[in-house]
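Enquirer: Just so it is clear, I am handing over input.txt, which has compact mmCIF, C-alpha atoms.
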```
# COMPACT_ATOMS: atom_id res chain seq x y z
CA MET C 1 10.90 -25.15 26.05
CA THR C 2 7.86 -27.14 27.12
CA VAL C 3 4.45 -25.61 27.29
CA ALA C 4 1.94 -27.52 29.35
CA SER C 5 -1.78 -27.03 29.54
CA LYS C 6 -3.19 -27.08 33.04
CA VAL C 7 -5.47 -29.94 32.18
CA ASP C 8 -5.73 -33.16 34.18
CA GLY C 9 -3.60 -35.76 32.52
CA GLN C 10 -3.93 -35.78 28.78
CA SER C 11 -2.94 -33.28 26.14
CA ARG C 12 -5.72 -31.18 24.70
CA SER C 13 -6.54 -30.53 21.06
CA SER C 14 -5.49 -27.15 19.74
CA VAL C 15 -8.80 -26.72 17.86
CA LEU C 16 -10.71 -25.08 20.73
CA PRO C 17 -7.91 -22.67 21.70
CA MET C 18 -7.33 -21.73 18.06
CA THR C 19 -11.06 -21.11 17.57
CA ILE C 20 -11.36 -18.84 20.60
CA ILE C 21 -8.12 -17.03 19.78
CA GLY C 22 -9.38 -16.68 16.20
CA VAL C 23 -12.45 -14.82 17.47
CA LEU C 24 -10.16 -12.52 19.43
CA PHE C 25 -8.01 -11.85 16.38
CA PHE C 26 -11.13 -10.88 14.46
CA ILE C 27 -11.84 -8.33 17.18
CA PHE C 28 -8.23 -7.10 16.97
CA GLY C 29 -8.72 -6.49 13.27
CA PHE C 30 -12.15 -4.94 13.58
CA VAL C 31 -11.09 -2.41 16.21
CA THR C 32 -7.66 -1.70 14.72
CA TRP C 33 -8.62 -1.21 11.09
CA LEU C 34 -11.62 0.91 11.94
CA ASN C 35 -8.99 3.63 12.41
CA GLY C 36 -8.36 3.72 8.66
CA SER C 37 -11.89 4.94 8.08
CA LEU C 38 -12.02 6.99 11.27
CA ILE C 39 -9.01 9.15 10.35
CA PRO C 40 -10.42 10.86 7.23
CA PHE C 41 -13.83 11.06 8.95
CA LEU C 42 -12.44 12.85 12.02
CA LYS C 43 -10.26 15.00 9.76
CA ILE C 44 -13.47 16.35 8.27
CA ILE C 45 -15.69 16.74 11.34
CA CYS C 46 -12.90 18.05 13.62
CA GLU C 47 -11.41 20.17 10.80
CA LEU C 48 -7.86 18.81 11.08
CA ASN C 49 -4.81 18.74 8.84
CA GLU C 50 -3.03 15.45 7.99
CA PHE C 51 -0.60 15.71 10.90
CA GLN C 52 -3.36 16.36 13.43
CA ALA C 53 -5.58 13.60 12.02
CA LEU C 54 -2.83 11.01 12.44
CA PHE C 55 -2.89 11.52 16.22
CA VAL C 56 -5.64 8.88 15.93
CA THR C 57 -2.95 6.27 15.28
CA PHE C 58 -0.66 7.82 17.90
CA ALA C 59 -3.27 7.66 20.68
CA PHE C 60 -4.25 4.11 19.76
CA TYR C 61 -0.80 2.56 19.31
CA ILE C 62 1.11 4.45 21.98
CA ALA C 63 -0.97 2.48 24.48
CA TYR C 64 1.06 -0.58 23.47
CA THR C 65 4.27 1.14 24.57
CA VAL C 66 2.91 2.60 27.77
CA MET C 67 0.94 -0.44 28.90
CA ALA C 68 2.80 -3.51 27.54
CA LEU C 69 5.10 -4.17 30.50
CA PRO C 70 2.44 -3.42 33.15
CA MET C 71 0.12 -5.82 31.31
CA SER C 72 2.81 -8.55 31.29
CA PHE C 73 2.97 -8.31 35.10
CA ILE C 74 -0.83 -8.51 35.26
CA LEU C 75 -0.71 -11.65 33.11
CA ARG C 76 1.69 -13.27 35.56
CA ARG C 77 -0.89 -12.73 38.32
CA THR C 78 -4.10 -13.47 36.42
CA GLY C 79 -2.95 -16.07 33.93
CA TYR C 80 -3.43 -15.82 30.19
CA LYS C 81 -7.11 -16.74 30.11
CA ASN C 82 -8.28 -14.26 32.77
CA GLY C 83 -5.96 -11.66 31.27
CA MET C 84 -7.76 -11.93 27.94
CA ALA C 85 -11.13 -11.42 29.65
CA LEU C 86 -9.74 -8.38 31.46
CA GLY C 87 -8.48 -6.91 28.19
CA LEU C 88 -11.89 -7.32 26.59
CA GLY C 89 -13.49 -5.60 29.58
CA ILE C 90 -11.17 -2.60 29.18
CA MET C 91 -12.15 -2.44 25.52
CA VAL C 92 -15.83 -2.29 26.51
CA VAL C 93 -15.03 0.86 28.49
CA GLY C 94 -13.13 2.32 25.54
CA SER C 95 -16.03 1.69 23.17
CA LEU C 96 -18.50 3.38 25.52
CA LEU C 97 -16.22 6.43 25.76
CA PHE C 98 -16.89 7.04 22.06
CA ILE C 99 -20.48 8.00 22.92
CA PRO C 100 -19.67 11.28 24.75
CA ALA C 101 -16.85 11.89 22.26
CA ALA C 102 -19.28 11.67 19.34
CA GLN C 103 -21.94 13.73 21.06
CA SER C 104 -19.45 16.54 21.72
CA ALA C 105 -17.41 16.14 18.50
CA ASN C 106 -14.39 16.74 20.74
CA TYR C 107 -11.15 15.44 19.21
CA MET C 108 -9.38 15.00 22.56
CA ALA C 109 -12.27 12.86 23.82
CA PHE C 110 -11.90 10.65 20.75
CA LEU C 111 -8.17 10.27 21.45
CA VAL C 112 -8.81 9.25 25.08
CA ALA C 113 -11.31 6.62 23.93
CA LEU C 114 -8.80 5.30 21.40
CA PHE C 115 -6.08 5.07 24.07
CA VAL C 116 -8.37 3.01 26.31
CA LEU C 117 -9.21 0.69 23.40
CA GLY C 118 -5.49 0.31 22.71
CA THR C 119 -4.86 -0.53 26.38
CA GLY C 120 -7.36 -3.37 26.24
CA LEU C 121 -5.85 -4.66 23.03
CA THR C 122 -2.39 -4.56 24.61
CA ILE C 123 -3.19 -7.24 27.17
CA LEU C 124 -5.05 -9.30 24.55
CA GLN C 125 -2.08 -9.19 22.17
CA THR C 126 0.45 -9.91 24.92
CA ALA C 127 -1.47 -13.03 25.90
CA SER C 128 -2.69 -14.35 22.56
CA ASN C 129 0.43 -14.22 20.36
CA PRO C 130 2.66 -16.50 22.50
CA TYR C 131 -0.41 -18.70 22.93
CA VAL C 132 -0.56 -19.24 19.15
CA VAL C 133 3.21 -19.75 18.93
CA HIS C 134 3.31 -22.45 21.62
CA ILE C 135 0.02 -24.27 21.02
CA GLY C 136 1.69 -26.44 18.36
CA PRO C 137 5.06 -27.22 16.70
CA ARG C 138 7.41 -24.22 16.52
CA GLU C 139 8.31 -24.75 12.86
CA SER C 140 4.66 -24.25 11.86
CA ALA C 141 4.06 -21.30 14.20
CA ALA C 142 4.17 -18.80 11.32
CA MET C 143 1.48 -20.82 9.58
CA ARG C 144 -0.78 -20.66 12.65
CA ILE C 145 -0.16 -16.93 13.05
CA SER C 146 -0.95 -16.54 9.34
CA ILE C 147 -4.33 -18.16 9.98
CA MET C 148 -4.90 -15.62 12.74
CA GLY C 149 -3.76 -12.92 10.33
CA LEU C 150 -6.32 -14.05 7.77
CA ILE C 151 -9.04 -13.63 10.36
CA ASN C 152 -7.61 -10.29 11.53
CA LYS C 153 -7.29 -8.81 8.07
CA GLY C 154 -10.61 -10.31 7.01
CA ALA C 155 -12.10 -8.03 9.65
CA GLY C 156 -10.02 -5.25 8.14
CA VAL C 157 -11.68 -5.84 4.78
CA ILE C 158 -15.15 -5.77 6.27
CA VAL C 159 -14.95 -2.85 8.70
CA PRO C 160 -14.29 0.02 6.22
CA ILE C 161 -17.22 -1.18 4.12
CA MET C 162 -19.44 -1.35 7.21
CA PHE C 163 -18.23 2.08 8.33
CA THR C 164 -19.06 3.57 4.94
CA ALA C 165 -22.51 1.95 4.96
CA LEU C 166 -23.41 2.85 8.56
CA VAL C 167 -21.75 6.25 8.97
CA LEU C 168 -21.22 7.72 5.51
CA SER C 169 -24.40 6.52 3.81
CA GLY C 170 -25.63 9.22 1.43
CA LEU C 171 -22.40 11.22 1.84
CA GLU C 172 -20.21 9.61 -0.83
CA ASN C 173 -19.03 12.95 -2.23
CA PHE C 174 -18.69 14.72 1.12
CA ASN C 175 -15.17 15.93 1.98
CA SER C 176 -13.26 18.79 3.64
CA ASP C 177 -13.81 21.11 0.67
CA THR C 178 -17.60 20.71 0.65
CA LEU C 179 -17.69 21.32 4.41
CA ALA C 180 -15.61 24.48 4.04
CA ALA C 181 -18.03 25.80 1.40
CA LEU C 182 -20.96 25.81 3.86
CA SER C 183 -21.97 28.73 6.03
CA GLU C 184 -20.93 28.60 9.69
CA ALA C 185 -24.39 27.54 10.89
CA GLU C 186 -24.71 24.90 8.18
CA ARG C 187 -21.21 23.60 8.87
CA GLN C 188 -21.84 23.20 12.61
CA ALA C 189 -25.14 21.46 11.95
CA GLN C 190 -23.50 19.10 9.47
CA ILE C 191 -20.63 18.35 11.87
CA SER C 192 -23.08 17.58 14.68
CA GLU C 193 -25.14 15.32 12.44
CA LEU C 194 -22.11 13.47 11.13
CA SER C 195 -20.55 12.99 14.56
CA SER C 196 -23.75 11.56 16.01
CA ARG C 197 -23.62 8.79 13.42
CA LEU C 198 -20.70 7.23 15.35
CA VAL C 199 -22.76 6.52 18.47
CA MET C 200 -24.64 3.36 17.49
CA PRO C 201 -21.69 1.52 15.85
CA TYR C 202 -19.70 1.83 19.08
CA VAL C 203 -22.70 0.81 21.20
CA TYR C 204 -22.92 -2.37 19.11
CA MET C 205 -19.17 -2.89 19.53
CA ALA C 206 -19.41 -2.57 23.31
CA GLY C 207 -22.19 -5.15 23.38
CA ALA C 208 -20.20 -7.61 21.26
CA LEU C 209 -17.11 -7.18 23.43
CA LEU C 210 -19.13 -7.75 26.61
CA PHE C 211 -20.40 -11.02 25.15
CA LEU C 212 -16.80 -12.06 24.42
CA VAL C 213 -15.79 -11.36 28.03
CA GLY C 214 -18.23 -14.08 29.09
CA LEU C 215 -17.16 -16.39 26.26
CA VAL C 216 -13.49 -16.29 27.27
CA LYS C 217 -14.08 -16.27 31.04
CA PHE C 218 -16.36 -19.28 31.11
CA SER C 219 -14.86 -21.27 28.22
CA SER C 220 -12.69 -24.37 28.69
CA LEU C 221 -9.73 -22.54 27.17
CA PRO C 222 -6.68 -24.18 28.78
CA GLU C 223 -4.15 -22.13 30.71
CA LEU C 224 -0.55 -22.14 29.52
CA ASP C 225 2.39 -22.76 31.83
CA PHE C 226 5.74 -21.74 30.39
CA GLU C 227 8.14 -24.06 32.18
CA GLU C 228 11.73 -23.03 32.69
CA GLU C 229 14.27 -24.57 30.33
CA GLU C 230 17.40 -26.13 31.76
CA THR C 231 19.63 -24.33 29.25
CA GLN C 232 22.18 -21.59 29.28
CA HIS C 233 19.46 -19.12 28.24
CA ASN C 234 17.86 -19.29 31.66
CA LYS C 235 21.13 -18.17 33.25
CA LYS C 236 20.51 -14.76 31.76
CA GLY C 237 19.07 -12.22 34.12
CA SER C 238 17.29 -9.82 31.76
CA ILE C 239 15.21 -9.97 28.61
CA MET C 240 17.56 -7.34 27.16
CA GLN C 241 20.28 -10.04 27.00
CA PHE C 242 18.38 -11.76 24.18
CA PRO C 243 19.35 -9.93 20.94
CA GLN C 244 16.83 -11.82 18.83
CA VAL C 245 14.01 -10.38 20.95
CA VAL C 246 15.30 -6.82 21.14
CA LEU C 247 16.01 -6.68 17.41
CA GLY C 248 12.70 -8.44 16.77
CA ALA C 249 10.90 -5.68 18.67
CA ILE C 250 12.63 -3.09 16.48
CA ALA C 251 11.66 -5.06 13.37
CA LEU C 252 8.04 -5.11 14.57
CA PHE C 253 8.26 -1.37 15.30
CA ALA C 254 9.25 -0.84 11.67
CA TYR C 255 6.68 -3.32 10.36
CA VAL C 256 3.69 -2.05 12.33
CA GLY C 257 4.61 1.49 11.33
CA VAL C 258 4.48 0.69 7.62
CA GLU C 259 1.45 -1.56 8.06
CA VAL C 260 -0.50 1.26 9.69
CA ILE C 261 0.75 3.75 7.10
CA ALA C 262 -0.44 1.45 4.31
CA GLY C 263 -3.82 0.82 5.93
CA ASP C 264 -4.60 4.13 7.61
CA THR C 265 -3.18 6.73 5.21
CA ILE C 266 -4.53 5.30 1.97
CA GLY C 267 -7.87 6.97 2.73
CA LEU C 268 -6.18 10.34 3.30
CA PHE C 269 -4.16 9.88 0.11
CA GLY C 270 -7.30 9.01 -1.82
CA GLU C 271 -9.22 11.97 -0.42
CA ASN C 272 -6.40 14.33 -1.42
CA LEU C 273 -6.49 12.92 -4.95
CA GLY C 274 -10.28 13.17 -5.19
CA VAL C 275 -10.94 9.40 -5.19
CA ALA C 276 -14.61 8.58 -4.58
CA ASN C 277 -15.48 6.54 -1.44
CA PHE C 278 -12.03 7.23 -0.01
CA ALA C 279 -13.08 5.92 3.45
CA SER C 280 -13.34 2.40 2.02
CA LEU C 281 -9.83 2.33 0.51
CA THR C 282 -8.40 0.59 3.59
CA SER C 283 -10.26 -2.50 2.35
CA TYR C 284 -7.97 -2.60 -0.68
CA THR C 285 -4.87 -2.87 1.52
CA MET C 286 -6.55 -5.46 3.73
CA VAL C 287 -7.54 -7.63 0.75
CA PHE C 288 -3.91 -7.81 -0.32
CA MET C 289 -2.87 -8.66 3.24
CA VAL C 290 -5.35 -11.52 3.18
CA PHE C 291 -3.68 -12.80 0.00
CA GLY C 292 -0.32 -12.56 1.78
CA TYR C 293 -1.56 -14.56 4.76
CA LEU C 294 -2.97 -17.21 2.42
CA ILE C 295 0.55 -17.60 1.06
CA GLY C 296 1.77 -18.06 4.64
CA VAL C 297 -0.88 -20.67 5.45
CA THR C 298 -0.22 -22.72 2.32
CA CYS C 299 3.55 -22.32 1.93
CA ILE C 300 5.06 -22.22 5.46
CA PRO C 301 6.86 -24.48 6.30
CA ARG C 302 6.14 -26.76 3.32
CA PHE C 303 7.63 -24.62 0.56
CA MET C 304 9.56 -21.91 2.40
CA SER C 305 10.92 -21.26 5.84
CA GLN C 306 9.88 -18.46 8.17
CA GLN C 307 13.21 -16.74 7.49
CA THR C 308 12.69 -16.85 3.72
CA ALA C 309 9.19 -15.44 4.04
CA LEU C 310 10.57 -12.55 6.09
CA LEU C 311 13.31 -11.81 3.55
CA LEU C 312 10.89 -11.82 0.59
CA SER C 313 8.49 -9.55 2.49
CA ALA C 314 11.23 -6.99 3.13
CA VAL C 315 12.32 -6.86 -0.51
CA ALA C 316 8.76 -6.65 -1.85
CA GLY C 317 7.88 -3.93 0.66
CA ALA C 318 10.84 -1.78 -0.36
CA LEU C 319 9.79 -2.05 -4.01
CA CYS C 320 6.23 -1.00 -3.13
CA ILE C 321 7.56 2.07 -1.29
CA VAL C 322 9.45 3.13 -4.39
CA GLY C 323 6.29 2.65 -6.44
CA ALA C 324 4.04 4.54 -4.02
CA ALA C 325 6.44 7.49 -3.83
CA THR C 326 7.18 7.79 -7.56
CA ALA C 327 4.23 6.37 -9.53
CA SER C 328 1.55 8.42 -11.27
CA THR C 329 -1.28 9.90 -9.23
CA GLU C 330 -3.54 9.28 -12.23
CA SER C 331 -5.13 6.01 -13.27
CA THR C 332 -2.87 4.65 -16.03
CA LEU C 333 -1.65 1.25 -17.16
CA ILE C 334 -0.76 -0.22 -13.75
CA ALA C 335 -4.11 0.67 -12.22
CA ASP C 336 -5.97 -0.56 -15.30
CA VAL C 337 -4.21 -3.92 -15.12
CA MET C 338 -4.87 -4.24 -11.36
CA TRP C 339 -8.47 -3.10 -11.26
CA GLY C 340 -9.81 -2.52 -14.76
CA TRP C 341 -10.58 -6.14 -15.58
CA THR C 342 -12.17 -7.01 -12.26
CA GLY C 343 -15.12 -4.66 -12.04
CA ILE C 344 -13.43 -2.91 -9.09
CA PRO C 345 -13.30 0.90 -9.46
CA VAL C 346 -9.96 2.01 -10.88
CA ILE C 347 -7.74 3.97 -8.48
CA PRO C 348 -4.51 5.89 -9.22
CA ASP C 349 -1.23 4.00 -9.69
CA ALA C 350 0.42 5.41 -6.55
CA VAL C 351 -2.60 4.43 -4.44
CA THR C 352 -2.41 0.95 -5.98
CA PHE C 353 1.18 0.58 -4.75
CA VAL C 354 0.09 1.62 -1.24
CA ALA C 355 -2.56 -1.11 -1.33
CA LEU C 356 0.05 -3.63 -2.59
CA MET C 357 2.13 -2.93 0.52
CA GLY C 358 -0.45 -5.08 2.31
CA LEU C 359 0.61 -8.09 0.23
CA ALA C 360 4.30 -7.28 0.59
CA HIS C 361 4.51 -7.15 4.38
CA ALA C 362 1.76 -9.61 5.36
CA LEU C 363 4.18 -12.30 6.54
CA VAL C 364 6.44 -10.09 8.66
CA TRP C 365 4.41 -10.43 11.87
CA PRO C 366 3.93 -14.24 11.56
CA ALA C 367 7.64 -14.76 10.84
CA VAL C 368 9.13 -12.48 13.52
CA TRP C 369 7.22 -13.89 16.51
CA PRO C 370 8.49 -17.50 16.45
CA LEU C 371 12.01 -16.38 15.50
CA ALA C 372 12.15 -13.85 18.34
CA LEU C 373 10.61 -16.05 21.09
CA GLU C 374 12.85 -19.05 20.46
CA GLY C 375 14.61 -20.25 23.61
CA LEU C 376 13.24 -17.68 26.06
CA GLY C 377 11.87 -20.10 28.66
CA LYS C 378 10.78 -18.18 31.77
CA PHE C 379 11.32 -14.89 29.91
CA THR C 380 8.52 -15.65 27.40
CA ALA C 381 5.99 -13.24 28.94
CA GLN C 382 8.56 -10.44 29.11
CA GLY C 383 9.69 -11.19 25.56
CA SER C 384 6.11 -11.06 24.36
CA ALA C 385 5.61 -7.73 26.12
CA LEU C 386 8.77 -6.34 24.50
CA LEU C 387 7.56 -7.43 21.07
CA ILE C 388 4.16 -5.90 21.77
CA MET C 389 5.91 -2.63 22.61
CA GLY C 390 7.16 -2.69 19.03
CA ILE C 391 3.57 -1.99 18.02
CA SER C 392 4.31 1.59 19.07
CA GLY C 393 5.66 1.95 15.55
CA GLY C 394 2.01 2.33 14.62
CA ALA C 395 1.90 5.43 16.83
CA ILE C 396 5.17 7.12 15.92
CA LEU C 397 5.83 6.39 12.24
CA PRO C 398 2.39 7.45 10.92
CA LEU C 399 2.76 10.66 12.92
CA ALA C 400 6.15 11.22 11.29
CA PHE C 401 4.48 10.43 7.97
CA GLY C 402 1.85 13.09 8.65
CA LYS C 403 4.53 15.62 9.58
CA MET C 404 6.41 14.93 6.35
CA ALA C 405 3.22 15.16 4.30
CA HIS C 406 2.34 18.49 5.91
CA TYR C 407 5.88 19.94 5.70
CA PHE C 408 6.46 18.97 2.06
CA ASP C 409 2.80 19.48 1.15
CA SER C 410 2.85 16.01 -0.42
CA THR C 411 1.27 12.86 0.98
CA GLN C 412 2.96 10.88 -1.78
CA PHE C 413 6.48 12.05 -0.87
CA ALA C 414 5.93 11.01 2.75
CA TYR C 415 5.80 7.33 1.75
CA TRP C 416 9.61 7.38 1.52
CA ILE C 417 9.60 7.02 5.32
CA GLY C 418 8.83 3.33 4.80
CA LEU C 419 12.08 2.50 2.96
CA PRO C 420 14.43 2.36 5.99
CA CYS C 421 11.78 0.33 7.81
CA TYR C 422 11.84 -2.41 5.20
CA LEU C 423 15.65 -2.32 5.08
CA PHE C 424 15.82 -3.04 8.83
CA ILE C 425 13.36 -5.91 8.41
CA LEU C 426 15.70 -7.23 5.69
CA PHE C 427 18.62 -7.05 8.17
CA TYR C 428 16.61 -9.00 10.76
CA ALA C 429 15.72 -11.65 8.18
CA VAL C 430 19.35 -12.10 7.10
CA LYS C 431 21.20 -11.77 10.41
CA GLY C 432 19.31 -10.28 13.35
CA HIS C 433 17.16 -13.30 14.21
CA LYS C 434 20.25 -15.53 14.47
CA MET C 435 22.03 -13.43 17.09
CA ARG C 436 22.20 -14.92 20.59
CA LYS C 437 24.65 -12.46 22.14
CA TRP C 438 25.60 -8.83 21.61
```
So that I can check it, write out the structure of this file as structure tokens.
Expert:
Amino acid sequence: MTVASKVDGQSRSSVLPMTIIGVLFFIFGFVTWLNGSLIPFLKIICELNEFQALFVTFAFYIAYTVMALPMSFILRRTGYKNGMALGLGIMVVGSLLFIPAAQSANYMAFLVALFVLGTGLTILQTASNPYVVHIGPRESAAMRISIMGLINKGAGVIVPIMFTALVLSGLENFNSDTLAALSEAERQAQISELSSRLVMPYVYMAGALLFLVGLVKFSSLPELDFEEEETQHNKKGSIMQFPQVVLGAIALFAYVGVEVIAGDTIGLFGENLGVANFASLTSYTMVFMVFGYLIGVTCIPRFMSQQTALLLSAVAGALCIVGAATASTESTLIADVMWGWTGIPVIPDAVTFVALMGLAHALVWPAVWPLALEGLGKFTAQGSALLIMGISGGAILPLAFGKMAHYFDSTQFAYWIGLPCYLFILFYAVKGHKMRKW
């Protein structure tokens, strides 16, 4: 497949596109991983159980399923560059919707705002990921996506710390139990005060996103034109006739589900175990994901192929699931080795394994995209939309996790839901990505 920039004559450097897309990936990470801190916070102020609290992830990620194909058609009309600006504009609206939600402390209003944010991110993701894949050589695509992942997860490291500083300042020991111990009048006053703390962070976010609309719209970011290949692939009449894409979307469904579980439930798990500053625990998972992306940047394709990276990620992830579901909920040898010599507060062993999941699955997303999009030609936009729909795993699997945690009265037991996810990713790494017909 050839990908041409609509630029007069000469080929353009990939530095400018990668820089602008890098800024967008930072925004992806900032908005997405804010949910990890938002979940335990809303659980407290809206007085929810684990299952109800995880509707945060459902509302946010289900937008990818509902809106991915419509957004792919919009991209065909607007082009990739204008589509990115449109997505950012939708996110501005979503950020502003948090203001009435915070003022009313209404959970449904929060969920609507999250869905709108997810809708904006859907068009951004649909446009930006194939852009990164095709802006350079295909064999190094996973390396480029790993760079974007570093930026994305770097935002994921920062945002829980910022959330704790801006929203939870002076409330380090505040949790559901302390709220329940207050009188009705005191509890309502505390809920109102806590909820109002969300207003200014989302006002700042809306302003930053509005600035980015102008940056993308008026930049010299080149448009991409996916030219039709003269191969047998273009004789196919439907994206569903490409097994590597369909199975890749399922692999991403499984991956995003466990990624969100690792990032967004670690705070709930920590709160249940009485860990201090539980809202910042998402940063632990994100730090390990950053380490994983560094491996991708430095080792792909020089020391290992994209397929090998995917296989190793699946095996390591399965081992982390076993550890998270069976390890001690106290701080013992494993936690001491991981955290005790670094000056970082020690956390329980099982929580440590949840954080390590970030390292284990970091290279799944970078490896699946180039493997799944290979040879699609004119179906690239539809293939990208199908892969983006796989992000709905972040809506459905955490909700199933919450249901299991509530039913079995054990957050730790619910981590077993991740094992079949990693086993499917292992299948895709070994066989699924090679399939060209059913």
Enquirer: Closest to Leu423 of chain C among C:Met143, C:Ala355, C:Ile321, C:Met84, using all atoms listed in the file?
Expert: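 For Leu423 of chain C, the nearest of the given residues is C:Ile321.
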Enquirer: Might you pull out every residue within 12 Å of Leu24 of chain C, with only C-alpha atoms counted and same-chain residues fewer than 5 positions away left off, and present them as JSON, numbers by chain?
Expert: {"C": [17, 18, 19, 29, 30, 31, 81, 84, 85, 87, 88, 91, 120, 121, 123, 124, 125, 127, 128, 129, 132, 148, 149, 151, 152, 155, 208, 209, 211, 212, 213, 215, 216]}
Enquirer: Could you save the residues just selected, with C-alpha atoms, as a CSV table (one decimal), in the coordinates of the input?
Expert:
```csv
chain,number,residue,atom,x,y,z
C,17,PRO,CA,-7.9,-22.7,21.7
C,18,MET,CA,-7.3,-21.7,18.1
C,19,THR,CA,-11.1,-21.1,17.6
C,29,GLY,CA,-8.7,-6.5,13.3
C,30,PHE,CA,-12.2,-4.9,13.6
C,31,VAL,CA,-11.1,-2.4,16.2
C,81,LYS,CA,-7.1,-16.7,30.1
C,84,MET,CA,-7.8,-11.9,27.9
C,85,ALA,CA,-11.1,-11.4,29.6
C,87,GLY,CA,-8.5,-6.9,28.2
C,88,LEU,CA,-11.9,-7.3,26.6
C,91,MET,CA,-12.2,-2.4,25.5
C,120,GLY,CA,-7.4,-3.4,26.2
C,121,LEU,CA,-5.8,-4.7,23.0
C,123,ILE,CA,-3.2,-7.2,27.2
C,124,LEU,CA,-5.0,-9.3,24.6
C,125,GLN,CA,-2.1,-9.2,22.2
C,127,ALA,CA,-1.5,-13.0,25.9
C,128,SER,CA,-2.7,-14.4,22.6
C,129,ASN,CA,0.4,-14.2,20.4
C,132,VAL,CA,-0.6,-19.2,19.2
C,148,MET,CA,-4.9,-15.6,12.7
C,149,GLY,CA,-3.8,-12.9,10.3
C,151,ILE,CA,-9.0,-13.6,10.4
C,152,ASN,CA,-7.6,-10.3,11.5
C,155,ALA,CA,-12.1,-8.0,9.6
C,208,ALA,CA,-20.2,-7.6,21.3
C,209,LEU,CA,-17.1,-7.2,23.4
C,211,PHE,CA,-20.4,-11.0,25.2
C,212,LEU,CA,-16.8,-12.1,24.4
C,213,VAL,CA,-15.8,-11.4,28.0
C,215,LEU,CA,-17.2,-16.4,26.3
C,216,VAL,CA,-13.5,-16.3,27.3
```
Enquirer: Could you check the closest approach to Gln306 of chain C for each of C:Val368, C:Leu397, C:Met205, C:Leu38 and tell me which residue wins, using all atoms listed in the file?
Expert: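 Ranking C:Val368, C:Leu397, C:Met205, C:Leu38 by distance to Gln306 of chain C, first place goes to C:Val368.
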Enquirer: Between C:Gln244, C:Thr57, C:Gln307, C:Ser196, which one has atoms that come closest to Pro366 of chain C, using only C-alpha atoms?
Expert: C:Gln307
Enquirer: Please report the interatomic distance between atom CA of His406 of chain C and atom CA of Asn49 of chain C in Å with one decimal.
Expert: 7.7 Å
Enquirer: Which residues are close to segment 426-438 of chain C, i.e. within 9 Å by all atoms listed in the file, leaving aside same-chain residues fewer than 2 positions away? Reply as a list in words.
Expert: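 The neighbour list is Gln241, Phe242, Pro243, Gln244, Val245, Leu247, Gly248, Ala251, Gln306, Gln307, Thr308, Ala309, Leu310, Leu311, Leu312, Ser313, Ala314, Val315, Val368, Leu371, Ala372, Cys421, Tyr422, Leu423 and Phe424 of chain C.
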Enquirer: Which residues are near Val56 of chain C? Cut-off 8 Å, all atoms listed in the file, ignore same chain within fewer than 3 positions. Put them as a list in words.
Expert: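 With the cut-off at 8 Å, the set is Asn35, Ile39, Ala53, Ala59, Phe60, Leu111 and Leu114 of chain C.
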Enquirer: I'd like the neighbourhood of Ala109 of chain C as a list in words, where a residue qualifies if any of its atoms comes within 12 Å (using all atoms listed in the file), though same-chain residues fewer than 2 positions away should be ignored.
Expert: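 Within the cut-off, the hits are Leu42, Cys46, Val56, Ala59, Gly94, Ser95, Leu96, Leu97, Phe98, Ile99, Pro100, Ala101, Ala102, Gln103, Ser104, Ala105, Asn106, Tyr107, Leu111, Val112, Ala113, Leu114, Phe115 and Val116 of chain C.
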Enquirer: Name the closest residue to Ala141 of chain C among the candidates C:Gly214, C:Pro370, C:Gly375, C:Gly296; distances are taken between atoms, counting only C-alpha atoms.
Expert: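 Closest to Ala141 of chain C, using only C-alpha atoms: C:Pro370.
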Enquirer: Which neighbours of Leu268 of chain C fall inside 12 Å, counting all atoms listed in the file, when residues of the same chain fewer than 3 positions from it are skipped, and could you give them as a compact mmCIF listing (two decimals) with C-alpha atoms, keeping the file's coordinate frame?
Expert:
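And here is the file that came out, part.txt:
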```txt
# COMPACT_ATOMS: atom_id res chain seq x y z
CA ASN C 35 -8.99 3.63 12.41
CA GLY C 36 -8.36 3.72 8.66
CA SER C 37 -11.89 4.94 8.08
CA LEU C 38 -12.02 6.99 11.27
CA ILE C 39 -9.01 9.15 10.35
CA PRO C 40 -10.42 10.86 7.23
CA PHE C 41 -13.83 11.06 8.95
CA LEU C 42 -12.44 12.85 12.02
CA LYS C 43 -10.26 15.00 9.76
CA ILE C 44 -13.47 16.35 8.27
CA LEU C 48 -7.86 18.81 11.08
CA ASN C 49 -4.81 18.74 8.84
CA GLU C 50 -3.03 15.45 7.99
CA PHE C 51 -0.60 15.71 10.90
CA ALA C 53 -5.58 13.60 12.02
CA LEU C 54 -2.83 11.01 12.44
CA ASN C 175 -15.17 15.93 1.98
CA SER C 176 -13.26 18.79 3.64
CA ILE C 261 0.75 3.75 7.10
CA ALA C 262 -0.44 1.45 4.31
CA GLY C 263 -3.82 0.82 5.93
CA ASP C 264 -4.60 4.13 7.61
CA THR C 265 -3.18 6.73 5.21
CA GLU C 271 -9.22 11.97 -0.42
CA ASN C 272 -6.40 14.33 -1.42
CA LEU C 273 -6.49 12.92 -4.95
CA GLY C 274 -10.28 13.17 -5.19
CA VAL C 275 -10.94 9.40 -5.19
CA ALA C 276 -14.61 8.58 -4.58
CA ASN C 277 -15.48 6.54 -1.44
CA PHE C 278 -12.03 7.23 -0.01
CA ALA C 279 -13.08 5.92 3.45
CA SER C 280 -13.34 2.40 2.02
CA LEU C 281 -9.83 2.33 0.51
CA THR C 282 -8.40 0.59 3.59
CA VAL C 351 -2.60 4.43 -4.44
CA VAL C 354 0.09 1.62 -1.24
CA PRO C 398 2.39 7.45 10.92
CA PHE C 401 4.48 10.43 7.97
CA GLY C 402 1.85 13.09 8.65
CA ALA C 405 3.22 15.16 4.30
CA SER C 410 2.85 16.01 -0.42
CA THR C 411 1.27 12.86 0.98
CA GLN C 412 2.96 10.88 -1.78
```
